[in-house]
Every structure is written in structure tokens, then in C-alpha cells.
>>> print(open('my_file_34.cif').read())   # mmCIF, C-alpha atoms and all ligand atoms
data_my_file
loop_
_atom_site.label_atom_id
_atom_site.label_comp_id
_atom_site.auth_asym_id
_atom_site.auth_seq_id
_atom_site.Cartn_x
_atom_site.Cartn_y
_atom_site.Cartn_z
CA GLN A 1 23.52 -34.07 -18.12
CA ARG A 2 25.66 -37.03 -17.00
CA GLU A 3 23.00 -39.46 -18.27
CA LEU A 4 22.84 -37.60 -21.56
CA LEU A 5 26.59 -37.89 -21.87
CA GLU A 6 26.56 -41.64 -21.25
CA GLU A 7 23.82 -42.05 -23.82
CA LEU A 8 25.36 -39.83 -26.51
CA ARG A 9 29.14 -39.72 -26.11
CA GLY A 10 30.95 -40.14 -29.41
CA LEU A 11 27.73 -40.40 -31.44
CA PRO A 12 27.32 -38.12 -34.47
CA ALA A 13 24.69 -35.38 -34.61
CA GLU A 14 22.80 -37.07 -37.41
CA THR A 15 19.09 -37.24 -38.10
CA GLU A 16 17.30 -40.58 -38.54
CA ASP A 17 17.42 -40.05 -42.29
CA GLY A 18 21.14 -39.36 -42.34
CA ARG A 19 21.47 -35.57 -42.32
CA ARG A 20 24.65 -34.68 -40.43
CA VAL A 21 25.39 -31.37 -38.69
CA GLU A 22 28.51 -30.36 -36.79
CA LEU A 23 27.87 -29.37 -33.17
CA SER A 24 30.48 -26.95 -31.85
CA ALA A 25 31.01 -25.00 -28.66
CA ASN A 26 31.12 -21.27 -27.91
CA ILE A 27 33.77 -20.26 -25.37
CA SER A 28 35.16 -17.05 -23.95
CA SER A 29 38.31 -18.21 -22.17
CA ALA A 30 40.72 -21.12 -21.82
CA GLY A 31 38.83 -21.89 -18.60
CA ASP A 32 35.90 -23.07 -20.74
CA LEU A 33 37.95 -25.76 -22.50
CA ALA A 34 37.19 -28.35 -19.82
CA ALA A 35 33.46 -27.90 -20.43
CA VAL A 36 34.01 -28.30 -24.19
CA ILE A 37 35.69 -31.67 -23.66
CA LYS A 38 33.25 -32.76 -20.97
CA ASN A 39 30.25 -32.09 -23.22
CA ASP A 40 31.86 -33.86 -26.16
CA ALA A 41 31.76 -30.89 -28.58
CA GLU A 42 33.04 -31.67 -32.08
CA SER A 43 34.94 -28.39 -32.33
CA ILE A 44 35.00 -24.80 -31.14
CA GLY A 45 32.77 -22.67 -33.34
CA LEU A 46 33.33 -19.38 -31.55
CA PHE A 47 36.10 -18.28 -29.22
CA ARG A 48 35.04 -14.81 -28.04
CA SER A 49 38.59 -13.46 -27.76
CA GLU A 50 37.56 -10.02 -26.46
CA PHE A 51 37.25 -11.48 -22.96
CA ILE A 52 41.06 -11.75 -22.90
CA TYR A 53 41.14 -7.94 -23.18
CA MET A 54 38.44 -7.18 -20.62
CA GLY A 55 38.70 -6.55 -16.87
CA ARG A 56 42.26 -5.20 -17.05
CA ASP A 57 44.00 -1.87 -17.72
CA THR A 58 46.66 -3.02 -20.19
CA LEU A 59 46.43 -4.78 -23.53
CA PRO A 60 47.34 -8.49 -23.50
CA THR A 61 50.73 -9.06 -25.12
CA GLU A 62 51.26 -11.23 -28.19
CA GLU A 63 52.91 -13.87 -26.02
CA GLU A 64 50.06 -13.93 -23.54
CA GLN A 65 47.51 -14.40 -26.31
CA PHE A 66 49.64 -16.93 -28.17
CA LYS A 67 49.70 -19.18 -25.08
CA ILE A 68 45.92 -19.08 -24.73
CA TYR A 69 45.22 -19.81 -28.42
CA LYS A 70 47.88 -22.53 -28.49
CA LEU A 71 46.31 -24.20 -25.46
CA ALA A 72 42.92 -24.16 -27.20
CA ALA A 73 44.42 -25.60 -30.40
CA GLU A 74 46.30 -28.34 -28.54
CA THR A 75 43.35 -29.23 -26.32
CA MET A 76 41.15 -29.69 -29.39
CA ALA A 77 43.82 -31.90 -30.95
CA GLY A 78 43.24 -31.23 -34.64
CA LYS A 79 39.58 -30.28 -34.37
CA ARG A 80 38.73 -26.80 -35.58
CA VAL A 81 39.00 -23.82 -33.21
CA ILE A 82 37.47 -20.64 -34.63
CA ILE A 83 39.01 -17.61 -32.98
CA ARG A 84 36.96 -14.49 -33.49
CA THR A 85 39.09 -11.36 -33.46
CA VAL A 86 38.14 -8.83 -30.76
CA ASP A 87 34.54 -7.77 -30.62
CA ILE A 88 35.16 -4.93 -28.21
CA GLY A 89 32.82 -1.95 -27.90
CA ASN A 90 29.04 -1.87 -27.42
CA ASP A 91 28.35 -3.72 -24.16
CA LYS A 92 31.88 -5.21 -23.98
CA GLN A 93 34.31 -2.47 -23.05
CA ALA A 94 38.04 -2.77 -22.38
CA SER A 95 39.69 0.33 -20.94
CA ALA A 96 43.05 -0.26 -22.65
CA PHE A 97 41.47 0.56 -26.02
CA GLY A 98 40.66 4.06 -24.75
CA LEU A 99 37.49 4.22 -26.82
CA PRO A 100 35.43 7.40 -26.45
CA LYS A 101 32.05 7.26 -24.73
CA GLU A 102 29.30 7.07 -27.32
CA VAL A 103 25.63 7.96 -27.20
CA ASN A 104 24.81 4.91 -29.30
CA PRO A 105 27.56 2.32 -28.74
CA ALA A 106 25.78 -0.50 -30.58
CA LEU A 107 25.98 1.64 -33.71
CA GLY A 108 29.46 2.98 -33.14
CA MET A 109 33.03 1.89 -32.69
CA ARG A 110 32.92 -1.84 -32.07
CA ALA A 111 34.31 -5.13 -33.34
CA ILE A 112 36.04 -5.05 -36.76
CA ARG A 113 35.71 -1.26 -36.81
CA VAL A 114 37.98 -1.04 -33.78
CA SER A 115 40.47 -3.49 -35.32
CA LEU A 116 40.64 -1.61 -38.62
CA THR A 117 41.06 1.70 -36.78
CA ARG A 118 43.78 0.31 -34.50
CA PRO A 119 45.82 -1.92 -36.86
CA ASP A 120 48.65 -2.04 -34.28
CA ILE A 121 46.42 -3.88 -31.79
CA PHE A 122 44.82 -5.95 -34.57
CA LYS A 123 48.21 -7.10 -35.91
CA THR A 124 49.38 -8.22 -32.46
CA GLN A 125 46.29 -10.40 -32.16
CA LEU A 126 46.66 -11.80 -35.70
CA ARG A 127 50.30 -12.66 -35.06
CA ALA A 128 49.36 -14.52 -31.88
CA ILE A 129 46.57 -16.42 -33.65
CA LEU A 130 48.74 -17.30 -36.67
CA ARG A 131 51.61 -18.53 -34.50
CA ALA A 132 49.19 -20.70 -32.48
CA SER A 133 47.85 -22.16 -35.75
CA ALA A 134 51.05 -24.21 -36.03
CA PHE A 135 49.80 -26.29 -33.06
CA GLY A 136 46.38 -27.43 -34.25
CA ARG A 137 43.56 -26.43 -36.55
CA ILE A 138 42.78 -22.78 -36.02
CA ALA A 139 40.47 -20.60 -38.10
CA ILE A 140 40.07 -16.81 -37.93
CA MET A 141 36.74 -15.03 -37.94
CA PHE A 142 36.00 -11.30 -38.23
CA PRO A 143 33.01 -9.86 -36.31
CA LEU A 144 30.29 -7.36 -37.29
CA ILE A 145 31.06 -7.19 -40.99
CA THR A 146 28.79 -4.88 -42.98
CA SER A 147 30.69 -4.49 -46.27
CA VAL A 148 33.02 -6.23 -48.71
CA TRP A 149 35.51 -3.42 -48.18
CA GLU A 150 35.96 -4.35 -44.50
CA VAL A 151 36.73 -7.94 -45.45
CA TRP A 152 39.30 -6.84 -48.04
CA LYS A 153 40.94 -4.53 -45.52
CA ALA A 154 41.03 -7.15 -42.74
CA LYS A 155 42.43 -9.79 -45.13
CA GLU A 156 45.04 -7.34 -46.38
CA ILE A 157 46.27 -6.77 -42.83
CA LEU A 158 46.26 -10.54 -42.25
CA GLU A 159 48.37 -11.01 -45.40
CA ASN A 160 50.85 -8.39 -44.17
CA VAL A 161 51.22 -10.22 -40.88
CA LYS A 162 51.76 -13.53 -42.73
CA THR A 163 54.48 -11.93 -44.85
CA GLU A 164 56.24 -10.71 -41.70
CA LEU A 165 56.08 -14.20 -40.19
CA ASP A 166 57.41 -15.71 -43.43
CA LYS A 167 60.32 -13.28 -43.41
CA ASN A 168 61.24 -14.37 -39.91
CA GLN A 169 60.60 -18.04 -40.69
CA ILE A 170 57.97 -18.30 -37.97
CA PRO A 171 55.68 -21.27 -38.64
CA TYR A 172 51.89 -21.05 -39.03
CA ASP A 173 49.17 -22.97 -40.83
CA HIS A 174 49.27 -21.78 -44.44
CA HIS A 175 45.82 -23.33 -45.07
CA LEU A 176 44.11 -21.60 -42.16
CA GLU A 177 40.48 -20.81 -42.94
CA VAL A 178 39.23 -17.22 -42.79
CA GLY A 179 35.58 -16.51 -42.15
CA ILE A 180 33.21 -13.79 -41.07
CA MET A 181 30.28 -13.38 -38.75
CA VAL A 182 27.06 -12.60 -40.57
CA GLU A 183 25.31 -10.67 -37.83
CA THR A 184 24.12 -7.49 -39.49
CA PRO A 185 21.24 -7.17 -41.97
CA ALA A 186 23.72 -5.58 -44.40
CA ALA A 187 25.98 -8.65 -44.34
CA ALA A 188 23.05 -11.04 -44.80
CA LEU A 189 21.73 -8.97 -47.71
CA ILE A 190 25.11 -8.99 -49.50
CA SER A 191 26.05 -12.52 -48.41
CA ASP A 192 26.26 -13.52 -52.10
CA LYS A 193 29.15 -11.04 -52.50
CA LEU A 194 30.75 -11.75 -49.13
CA ALA A 195 30.76 -15.50 -49.77
CA LYS A 196 33.23 -14.95 -52.60
CA GLU A 197 35.75 -13.46 -50.15
CA VAL A 198 35.86 -16.03 -47.33
CA ASP A 199 35.99 -19.73 -46.47
CA PHE A 200 32.96 -19.79 -44.18
CA PHE A 201 30.14 -17.83 -42.53
CA SER A 202 28.93 -17.99 -38.96
CA ILE A 203 25.56 -16.35 -38.35
CA GLY A 204 25.38 -14.33 -35.12
CA THR A 205 21.69 -14.33 -34.32
CA ASN A 206 22.05 -12.16 -31.20
CA ASP A 207 23.26 -9.13 -33.11
CA LEU A 208 21.33 -10.04 -36.25
CA SER A 209 18.11 -9.90 -34.20
CA GLN A 210 19.14 -6.68 -32.47
CA TYR A 211 19.97 -4.87 -35.71
CA THR A 212 17.07 -6.28 -37.73
CA LEU A 213 14.38 -5.68 -35.12
CA VAL A 214 15.89 -2.43 -33.77
CA VAL A 215 15.80 -3.71 -30.19
CA ASP A 216 18.73 -3.65 -27.77
CA ARG A 217 19.66 -7.30 -27.16
CA ASN A 218 20.55 -6.49 -23.54
CA ILE A 219 17.42 -4.67 -22.46
CA GLN A 220 15.07 -7.17 -20.87
CA ASP A 221 12.21 -4.66 -20.63
CA SER A 222 11.85 -4.68 -24.35
CA SER A 223 12.06 -8.46 -24.65
CA GLN A 224 8.50 -8.68 -25.94
CA PHE A 225 9.86 -6.85 -28.96
CA PHE A 226 13.07 -8.89 -29.11
CA ASN A 227 11.75 -11.88 -31.02
CA PRO A 228 14.49 -13.83 -32.82
CA HIS A 229 11.74 -16.01 -34.34
CA HIS A 230 10.57 -12.93 -36.25
CA PRO A 231 10.13 -13.89 -39.93
CA ALA A 232 12.53 -11.10 -40.96
CA VAL A 233 15.35 -12.67 -38.92
CA LEU A 234 14.61 -16.17 -40.20
CA LYS A 235 14.47 -14.87 -43.78
CA LEU A 236 17.94 -13.31 -43.43
CA ILE A 237 19.29 -16.56 -41.98
CA ARG A 238 17.83 -18.57 -44.85
CA MET A 239 19.21 -16.12 -47.41
CA THR A 240 22.68 -16.32 -45.87
CA ILE A 241 22.71 -20.12 -45.91
CA GLU A 242 21.54 -20.21 -49.53
CA ASN A 243 24.17 -17.70 -50.65
CA ALA A 244 26.92 -19.56 -48.78
CA HIS A 245 26.05 -22.84 -50.48
CA ALA A 246 25.61 -21.24 -53.90
CA ASN A 247 29.23 -20.15 -53.49
CA HIS A 248 30.44 -23.50 -52.10
CA ILE A 249 31.36 -22.37 -48.60
CA TRP A 250 30.06 -23.80 -45.33
CA VAL A 251 27.86 -21.90 -42.92
CA GLY A 252 27.11 -22.18 -39.22
CA ILE A 253 25.02 -20.43 -36.60
CA CYS A 254 26.76 -19.30 -33.41
CA GLY A 255 24.15 -17.04 -31.81
CA GLU A 256 21.82 -18.15 -29.01
CA LEU A 257 19.20 -19.21 -31.54
CA GLY A 258 21.40 -22.14 -32.59
CA ALA A 259 20.48 -23.85 -29.29
CA ASP A 260 16.75 -23.25 -29.68
CA LEU A 261 15.38 -26.77 -30.06
CA THR A 262 12.13 -25.50 -31.54
CA LEU A 263 14.10 -24.26 -34.55
CA THR A 264 16.54 -27.15 -35.02
CA ARG A 265 14.44 -28.83 -37.67
CA GLU A 266 13.98 -25.58 -39.60
CA PHE A 267 17.71 -24.82 -39.51
CA LEU A 268 18.54 -28.31 -40.81
CA GLU A 269 15.97 -27.93 -43.56
CA MET A 270 17.58 -24.61 -44.49
CA GLY A 271 20.81 -26.59 -44.82
CA VAL A 272 22.96 -25.24 -41.99
CA ASP A 273 26.29 -27.10 -41.72
CA GLU A 274 27.22 -26.29 -38.13
CA LEU A 275 25.57 -25.13 -34.92
CA SER A 276 27.80 -23.58 -32.28
CA VAL A 277 26.29 -23.30 -28.81
CA ALA A 278 27.24 -23.01 -25.15
CA PRO A 279 28.97 -26.23 -23.99
CA TYR A 280 26.04 -27.33 -21.81
CA ASP A 281 23.68 -27.04 -24.81
CA ILE A 282 25.66 -29.51 -26.97
CA LEU A 283 24.20 -32.78 -25.71
CA PRO A 284 20.53 -31.72 -25.61
CA LEU A 285 20.99 -30.45 -29.17
CA ARG A 286 22.65 -33.69 -30.28
CA LYS A 287 19.75 -35.62 -28.81
CA LYS A 288 17.30 -33.38 -30.66
CA VAL A 289 19.08 -33.78 -34.01
CA ARG A 290 19.18 -37.57 -33.61
CA SER A 291 15.42 -37.64 -32.95
CA LEU A 292 14.55 -35.82 -36.17
CA ASN A 293 13.59 -37.28 -39.52
CA LEU A 294 13.59 -34.63 -42.22
CA SER A 295 11.98 -36.90 -44.80
CA GLU A 296 8.83 -37.14 -42.63
CA LYS A 297 6.51 -34.15 -42.55
C1 LIG B 301 25.94 -12.97 -31.99
O1 LIG B 301 25.87 -11.74 -32.14
O2 LIG B 301 24.97 -13.73 -32.20
C2 LIG B 301 27.19 -13.61 -31.55
C3 LIG B 301 27.34 -14.92 -31.56
O3 LIG B 301 28.19 -12.80 -31.11
P1 LIG B 301 28.15 -12.09 -29.67
O4 LIG B 301 26.99 -12.68 -28.91
O5 LIG B 301 29.45 -12.36 -29.03
O6 LIG B 301 27.95 -10.66 -30.04
MG MG B 302 27.68 -10.56 -32.15
#
>>> encode(input="my_file_34.cif", output="C-alpha cells")
Amino acid sequence: QRELLEELRGLPAETEDGRRVELSANISSAGDLAAVIKNDAESIGLFRSEFIYMGRDTLPTEEEQFKIYKLAAETMAGKRVIIRTVDIGNDKQASAFGLPKEVNPALGMRAIRVSLTRPDIFKTQLRAILRASAFGRIAIMFPLITSVWEVWKAKEILENVKTELDKNQIPYDHHLEVGIMVETPAAALISDKLAKEVDFFSIGTNDLSQYTLVVDRNIQDSSQFFNPHHPAVLKLIRMTIENAHANHIWVGICGELGADLTLTREFLEMGVDELSVAPYDILPLRKKVRSLNLSEK
């Protein structure tokens, strides 16, 4: 990895024929920021904020969250930091939410559904993120969207929080981008409509594969059935990228598949603008992109 770094530090992720893609990092805590810098990521494409809420009995306060998001924004010094609002539920539980036990948690109360059901908790997080946006370039992303209605509702709550901040003259970035995860077949299938509501998409291939193929992403036993290369998954990814571009917004991939070097060429040919991967996957991916020539068959 050190040799890779010496070879590639500061170089763009650009193919031989000049196709550029942004390579970003996925993180789950401020503790990961060092790895982001060390691996020369261009930005943070996914901050899994739910980890701030996990492994404790109380909800994190606005102040506590503000400090973490501010640190991320300042560390990245003007480069984009996409903070995904809590994706709690399913396999990521946090006791302070007091969510009921479900027979089918992957299909139940998780992610944006929790936030829209508990607007008090959601607003505290949005306030913390907005306040931190005054210290760098922060973007907000909503997880597990399945309908236009959810995006309207989430944006309405965001607008209410902004109005409150304005009233109290608390600074935030008024140009902050708002995006969504496209990680359900429903979202991919209506991505033409969803693209009109947001500034960007990030495709979550882990959940997109789980929900498209009807296989639990966490159950190894069924891994022979969990095939993210399945043509149905790739077709939904392609459709999402096309609909994003037809509506002039940018689109990334932040699921595990983004780091799959056997698909890098295909993703670039589909037109993906950004790939967000674990920090240690950045440099191998940059090397791969730089070795490609899309004009050659
Ligand atoms: C995904 O579903 O692909 C994703 C990036 O989100 P998470 O893995 O956190 O569910
Ligand atoms: Mg997901």
C-alpha cells in the first residue's frame, strides 16, 4: 500500500483516454479520517452516521454530533463530505431509538422511515449537520428512499430546521447539496422522478443487491445466491445513472461493488461520476482507472 501511495499520490483517477472519475472514501466515525487522508481520497462519499448512535444507551446530543461533523468538514478542508442521515434498524440497532423487535427487520422500520417517524431525533441530527456545514463542504444524503413522497417529507423537515437556524442567525452553508441513496429497486425504477428532487444520487449496491435478489446481505450461507453481478442489479445501476444524467445531476456508487475492479470499466462506460469505497480500496482503484482506455475494445 505504501508503494502504491508513492506511485499515485496526488494523481487524478483518469483513464488513458481522459475519462475522469472522483474517488471518495466511506467512513463510519471520525476515527476513520486519518485513513481517508493517508489513502489520498478526493472526498468523503459516505459518512455512515448511524455508528455515532450505536453501542450506547442514550441518543447523541446535537453538540456531540456537531463536533464530529465539524471535524470531518475541517479535516477535508473544502472537499465534499457526504453525511448520510441515520440508517438505523435492520442489522444496525441502537437501543436509544426503542424500536420494536420485528420479524423481518430488513423490510421494516429502518433508515429514513425511522427519521420520518421520529422527527425530533431527525431534526437534532439535521441541525448538527447544518451547523457543521459552515466549516467546510458538507452534503446531506437520505438512506433507503423508495418514494418521491419520502424525499419531499425529508426536505420539508430540512427546510424547517433551516428556517429555525435563520431565525437565530446561526450560520450554515446555504448551497449545501442534498442527495439520496438509490439502494432499493423502487428508487432505481423511479430514478427519473427522484432525480428532479435532489442534487445527486449515490447507489448503495449492498442493499440494492439484497432487495433485488431477495437475499439477506448478511447471511453468508446464501452467498451463492447473493450475486451483485446479477444482470438485474447491473441493469438497475445503469438505469439510475442514465436517469441522473438525463436530469443533469451527478451520480456515484457507494456500495461494496464500487471497489470491484472487475466492474470498474463497465461502471465508467455507464458514466458513473464518483466511486466511494473503503479507504484502503482507494489506491488500488485509482491504479485500475489509470490503466484503462475506454476507447479501446
Ligand atoms: C449500501 O447499501 O450499499 C450502502 C452503501 O449502505 P450500507 O452498506 O451502509 O447499508
Ligand atoms: Mg444501504
>>> closest_residue(input="my_file_34.cif", among="A:Arg84, A:Lys38, A:Lys70, A:Arg56", to="ligand LIG 301 (chain B)", atoms="all atoms listed in the file")
A:Arg84
>>> residues_near_ligand(input="my_file_34.cif", ligand="ligand MG 302 (chain B)", cutoff="6 Å", atoms="all atoms listed in the file", output="short mmCIF file (atom, residue, chain, number, x, y, z; two decimals) with C-alpha atoms, in the frame of the given file")
data_model
loop_
_atom_site.label_atom_id
_atom_site.label_comp_id
_atom_site.auth_asym_id
_atom_site.auth_seq_id
_atom_site.Cartn_x
_atom_site.Cartn_y
_atom_site.Cartn_z
CA GLY A 204 25.38 -14.33 -35.12
CA ASN A 206 22.05 -12.16 -31.20
CA ASP A 207 23.26 -9.13 -33.11
#
>>> residues_around(input="my_file_34.cif", residues="A:Met109", least_positions_apart="4", cutoff="8 Å", atoms="all atoms listed in the file", output="list in words")
Gly89, Asn90, Leu99, Pro105, Arg113 and Val114 of chain A
>>> residues_near_ligand(input="my_file_34.cif", ligand="ligand LIG 301 (chain B)", cutoff="10 Å", atoms="only C-alpha atoms and all ligand atoms", output="PyMOL selection string")
chain A and resi 26-28+45-51+84+86-88+90-92+111+143-144+181-184+202-211+217+253-258+276-277
>>> closest_residue(input="my_file_34.cif", among="A:Leu176, A:Val272, A:Ile138, A:Leu11", to="A:Gly252", atoms="all atoms listed in the file")
A:Val272
>>> closest_residue(input="my_file_34.cif", among="A:Ala278, A:Ala96, A:Ala139, A:Ala195", to="A:Leu33", atoms="only C-alpha atoms")
A:Ala278
>>> atom_distance(input="my_file_34.cif", atom1="atom CA of A:Glu242", atom2="atom CA of A:Lys287")
25.9 Å
>>> closest_residue(input="my_file_34.cif", among="A:His229, A:Arg137, A:Lys297, A:Ile82", to="A:Phe201", atoms="all atoms listed in the file")
A:Ile82
>>> closest_residue(input="my_file_34.cif", among="A:Glu177, A:Glu150, A:Asp260, A:Glu274", to="A:Ala13", atoms="all atoms listed in the file")
A:Glu274
>>> atom_distance(input="my_file_34.cif", atom1="atom CA of A:His248", atom2="atom CA of A:Lys79")
21.1 Å
>>> atom_distance(input="my_file_34.cif", atom1="atom CA of A:Arg9", atom2="atom CA of A:Leu261")
19.3 Å
>>> build_atoms(input="my_file_34.cif", residues="stretch 138-169 of chain A", atoms="N, CA and C atoms", output="tab-separated table (two decimals), in the coordinates of the input")
chain	number	residue	atom	x	y	z
A	138	ILE	N	43.40	-24.06	-36.38
A	138	ILE	CA	42.78	-22.78	-36.02
A	138	ILE	C	42.19	-22.12	-37.26
A	139	ALA	N	41.06	-21.44	-37.06
A	139	ALA	CA	40.47	-20.60	-38.10
A	139	ALA	C	40.27	-19.21	-37.51
A	140	ILE	N	40.27	-18.20	-38.38
A	140	ILE	CA	40.07	-16.81	-37.93
A	140	ILE	C	38.72	-16.33	-38.41
A	141	MET	N	38.05	-15.58	-37.55
A	141	MET	CA	36.74	-15.03	-37.94
A	141	MET	C	36.65	-13.56	-37.55
A	142	PHE	N	36.14	-12.74	-38.49
A	142	PHE	CA	36.00	-11.30	-38.23
A	142	PHE	C	34.55	-10.96	-37.86
A	143	PRO	N	34.36	-10.17	-36.78
A	143	PRO	CA	33.01	-9.86	-36.31
A	143	PRO	C	32.40	-8.60	-36.93
A	144	LEU	N	31.08	-8.55	-36.91
A	144	LEU	CA	30.29	-7.36	-37.29
A	144	LEU	C	30.63	-6.78	-38.65
A	145	ILE	N	30.79	-7.66	-39.62
A	145	ILE	CA	31.06	-7.19	-40.99
A	145	ILE	C	29.78	-6.59	-41.58
A	146	THR	N	29.94	-5.47	-42.27
A	146	THR	CA	28.79	-4.88	-42.98
A	146	THR	C	29.09	-4.65	-44.47
A	147	SER	N	30.38	-4.78	-44.86
A	147	SER	CA	30.69	-4.49	-46.27
A	147	SER	C	31.84	-5.36	-46.78
A	148	VAL	N	31.93	-5.49	-48.09
A	148	VAL	CA	33.02	-6.23	-48.71
A	148	VAL	C	34.35	-5.51	-48.43
A	149	TRP	N	34.31	-4.21	-48.42
A	149	TRP	CA	35.51	-3.42	-48.18
A	149	TRP	C	36.18	-3.80	-46.86
A	150	GLU	N	35.40	-3.99	-45.80
A	150	GLU	CA	35.96	-4.35	-44.50
A	150	GLU	C	36.69	-5.70	-44.56
A	151	VAL	N	36.11	-6.62	-45.33
A	151	VAL	CA	36.73	-7.94	-45.45
A	151	VAL	C	38.06	-7.83	-46.21
A	152	TRP	N	38.06	-7.05	-47.28
A	152	TRP	CA	39.30	-6.84	-48.04
A	152	TRP	C	40.38	-6.27	-47.14
A	153	LYS	N	40.00	-5.24	-46.39
A	153	LYS	CA	40.94	-4.53	-45.52
A	153	LYS	C	41.50	-5.49	-44.44
A	154	ALA	N	40.61	-6.23	-43.80
A	154	ALA	CA	41.03	-7.15	-42.74
A	154	ALA	C	41.95	-8.24	-43.32
A	155	LYS	N	41.60	-8.74	-44.52
A	155	LYS	CA	42.43	-9.79	-45.13
A	155	LYS	C	43.78	-9.23	-45.57
A	156	GLU	N	43.78	-7.97	-45.98
A	156	GLU	CA	45.04	-7.34	-46.38
A	156	GLU	C	45.99	-7.24	-45.17
A	157	ILE	N	45.44	-6.86	-44.04
A	157	ILE	CA	46.27	-6.77	-42.83
A	157	ILE	C	46.76	-8.17	-42.43
A	158	LEU	N	45.87	-9.15	-42.55
A	158	LEU	CA	46.26	-10.54	-42.25
A	158	LEU	C	47.41	-10.98	-43.17
A	159	GLU	N	47.31	-10.64	-44.45
A	159	GLU	CA	48.37	-11.01	-45.40
A	159	GLU	C	49.70	-10.34	-45.03
A	160	ASN	N	49.63	-9.08	-44.60
A	160	ASN	CA	50.85	-8.39	-44.17
A	160	ASN	C	51.50	-9.09	-42.98
A	161	VAL	N	50.68	-9.53	-42.05
A	161	VAL	CA	51.22	-10.22	-40.88
A	161	VAL	C	51.86	-11.55	-41.30
A	162	LYS	N	51.19	-12.25	-42.23
A	162	LYS	CA	51.76	-13.53	-42.73
A	162	LYS	C	53.12	-13.29	-43.37
A	163	THR	N	53.21	-12.23	-44.17
A	163	THR	CA	54.48	-11.93	-44.85
A	163	THR	C	55.59	-11.68	-43.82
A	164	GLU	N	55.25	-10.96	-42.76
A	164	GLU	CA	56.24	-10.71	-41.70
A	164	GLU	C	56.70	-12.02	-41.06
A	165	LEU	N	55.73	-12.91	-40.80
A	165	LEU	CA	56.08	-14.20	-40.19
A	165	LEU	C	56.97	-15.01	-41.14
A	166	ASP	N	56.61	-14.99	-42.42
A	166	ASP	CA	57.41	-15.71	-43.43
A	166	ASP	C	58.85	-15.20	-43.42
A	167	LYS	N	58.98	-13.89	-43.38
A	167	LYS	CA	60.32	-13.28	-43.41
A	167	LYS	C	61.17	-13.76	-42.24
A	168	ASN	N	60.51	-13.94	-41.11
A	168	ASN	CA	61.24	-14.37	-39.91
A	168	ASN	C	61.19	-15.89	-39.70
A	169	GLN	N	60.71	-16.58	-40.73
A	169	GLN	CA	60.60	-18.04	-40.69
A	169	GLN	C	59.87	-18.56	-39.46
